[in-house]
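The block underneath contains the structure these notes are about, expressed in structure tokens.
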Amino acid sequence: MTLEPQWFSTMFGVYYFASCVLAVNSSLTLTLMWLQSKGRLASSVTVHHFHDLGKMVFAFTIFWAYIGFSQFMLQWYAHIPEETLWWKERFCGRLGQLFLVPAVRPLRDPVLRPLVTLGEAKPKSARFLVHLAAGHDLRRHVLLVMPSLGTDEVPFQLIDLTCWIGVLSLFIAGVAYRAKNLDLLAKNDPRLPDSLAFENI
């Protein structure tokens, strides 16, 4: 909204919040899967924990799509030029398909059903979670920022991709280096026994 101050939406904060919660839960689940594949937290994080994380991802996928569509529907129906022009820039031209695909795909993805039982469907769920976690950063750049800069082309070149991979790699390497000599289990947390004994009903 700072790039296009004439466009305004009171729902945008909720939309962005839902997007961030979805990305965080997806990234957390992928991180736990990776740690368990390396033999860390193997007995601490169980199928029941993955099941609850799957429910959070499922819930915020639906909530994010609901808020996004509600924001669009209300502004399109009101037909105020300052608002509808913002949407027109994102529906028309080459960016139009990129706008619709990530919004519709999570709702028709066959992985959503086994995602709720994440412990029993890890390989397929992992691919879906990568789409959710990484897709939100791509969506913010391509669909929220680039149309405001007046381009109709898909704005990625090799330097954009390598910069993104480089920053992400540095972040992961820094976290892994810091965590390699630490105990990942919060042993002094008073809620730890309840968490270790947690089971879904």
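Each chain in the structure tokens gets a letter, A, B, ..., in the order shown, and its residues are numbered from 1; ligands are numbered from 1 in order too.
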
Give me the residues within 8 Å of range 76-89 of chain A as a list of chain:residue names, counting only C-alpha atoms and dropping any in the same chain fewer than 4 places off. A:Gln6, A:Trp7, A:Phe8, A:Phe72, A:Gly93, A:Pro147

So that I can see what lies close to Phe12 in chain A, please list as a ChimeraX atom specification the residues with an atom at most 9 Å from it, counting only C-alpha atoms and leaving out residues fewer than 5 positions away in the same chain. /A:1,17,67-68,71

Rank nothing, just name the residue among A:Val47, A:Ile62, A:Leu138, A:Leu143 nearest to Arg90 in chain A, using only C-alpha atoms.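 Smallest distance to Arg90 in chain A is found for A:Leu143.
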
Considering only C-alpha atoms, return as a PyMOL selection string whatever protein or nucleic-acid residues lie within 12 Å of Val21 in chain A, sequence-local ones (same chain, fewer than 6 positions apart) excluded. chain A and resi 14-15+27-28+53+56-61+63-64+132-133+136

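Between CA of Asn200 in chain A and CA of His48 in chain A the separation is 5.7 Å.
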
Report the distance between CA of Pro190 in chain A and CA of Tyr177 in chain A in Å, rounded to one decimal place. 27.2 Å

Can you tell me, as a list in words, which residues in range 147-191 of chain A count as alpha helix (DSSP H) by DSSP? Leu158, Ile159, Asp160, Leu161, Thr162, Cys163, Trp164, Ile165, Gly166, Val167, Leu168, Ser169, Leu170, Phe171, Ile172, Ala173, Gly174, Val175, Ala176, Tyr177, Arg178 and Ala179 of chain A

Could the residues in this selection be saved with C-alpha atoms as a PDB file, in the first residue's frame?
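again25.pdb, freshly written:
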```pdb
ATOM      1  CA  LEU A 158      19.178 -15.234 -12.770  1.00  0.00           C
ATOM      2  CA  ILE A 159      20.533 -12.573 -10.385  1.00  0.00           C
ATOM      3  CA  ASP A 160      17.158 -12.405  -8.562  1.00  0.00           C
ATOM      4  CA  LEU A 161      17.125 -16.158  -8.039  1.00  0.00           C
ATOM      5  CA  THR A 162      20.753 -16.392  -6.935  1.00  0.00           C
ATOM      6  CA  CYS A 163      20.342 -13.517  -4.458  1.00  0.00           C
ATOM      7  CA  TRP A 164      17.290 -15.186  -2.897  1.00  0.00           C
ATOM      8  CA  ILE A 165      19.060 -18.565  -2.691  1.00  0.00           C
ATOM      9  CA  GLY A 166      22.193 -16.904  -1.305  1.00  0.00           C
ATOM     10  CA  VAL A 167      20.405 -15.070   1.517  1.00  0.00           C
ATOM     11  CA  LEU A 168      18.363 -18.178   2.393  1.00  0.00           C
ATOM     12  CA  SER A 169      21.486 -20.351   2.393  1.00  0.00           C
ATOM     13  CA  LEU A 170      23.337 -17.938   4.680  1.00  0.00           C
ATOM     14  CA  PHE A 171      20.380 -17.879   7.070  1.00  0.00           C
ATOM     15  CA  ILE A 172      20.098 -21.683   7.190  1.00  0.00           C
ATOM     16  CA  ALA A 173      23.875 -22.084   7.584  1.00  0.00           C
ATOM     17  CA  GLY A 174      23.934 -19.556  10.439  1.00  0.00           C
ATOM     18  CA  VAL A 175      21.068 -21.235  12.287  1.00  0.00           C
ATOM     19  CA  ALA A 176      22.542 -24.719  11.749  1.00  0.00           C
ATOM     20  CA  TYR A 177      25.994 -23.620  12.941  1.00  0.00           C
ATOM     21  CA  ARG A 178      24.521 -21.997  16.055  1.00  0.00           C
ATOM     22  CA  ALA A 179      22.317 -24.995  16.836  1.00  0.00           C
TER      23      ALA A 179
END
```

Selected residue, from A:Ser37, A:Asn188, A:Ser26, A:Ser9, that lies nearest to Met73 in chain A when counting only C-alpha atoms: A:Ser9

Between CA of Pro193 in chain A and CA of Ala42 in chain A - distance in Å to one decimal: 15.8 Å

Nearest residue to Thr46 in chain A from the set A:Thr29, A:Asn181, A:Thr2, A:Ser148 (distances using only C-alpha atoms):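 Between A:Thr29, A:Asn181, A:Thr2, A:Ser148, the residue approaching Thr46 in chain A most closely is A:Thr29.
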
Determine the nearest neighbour of Ala186 in chain A from the options A:Ser44, A:Leu35, A:Ala23, A:Val142, counting only C-alpha atoms. A:Ser44
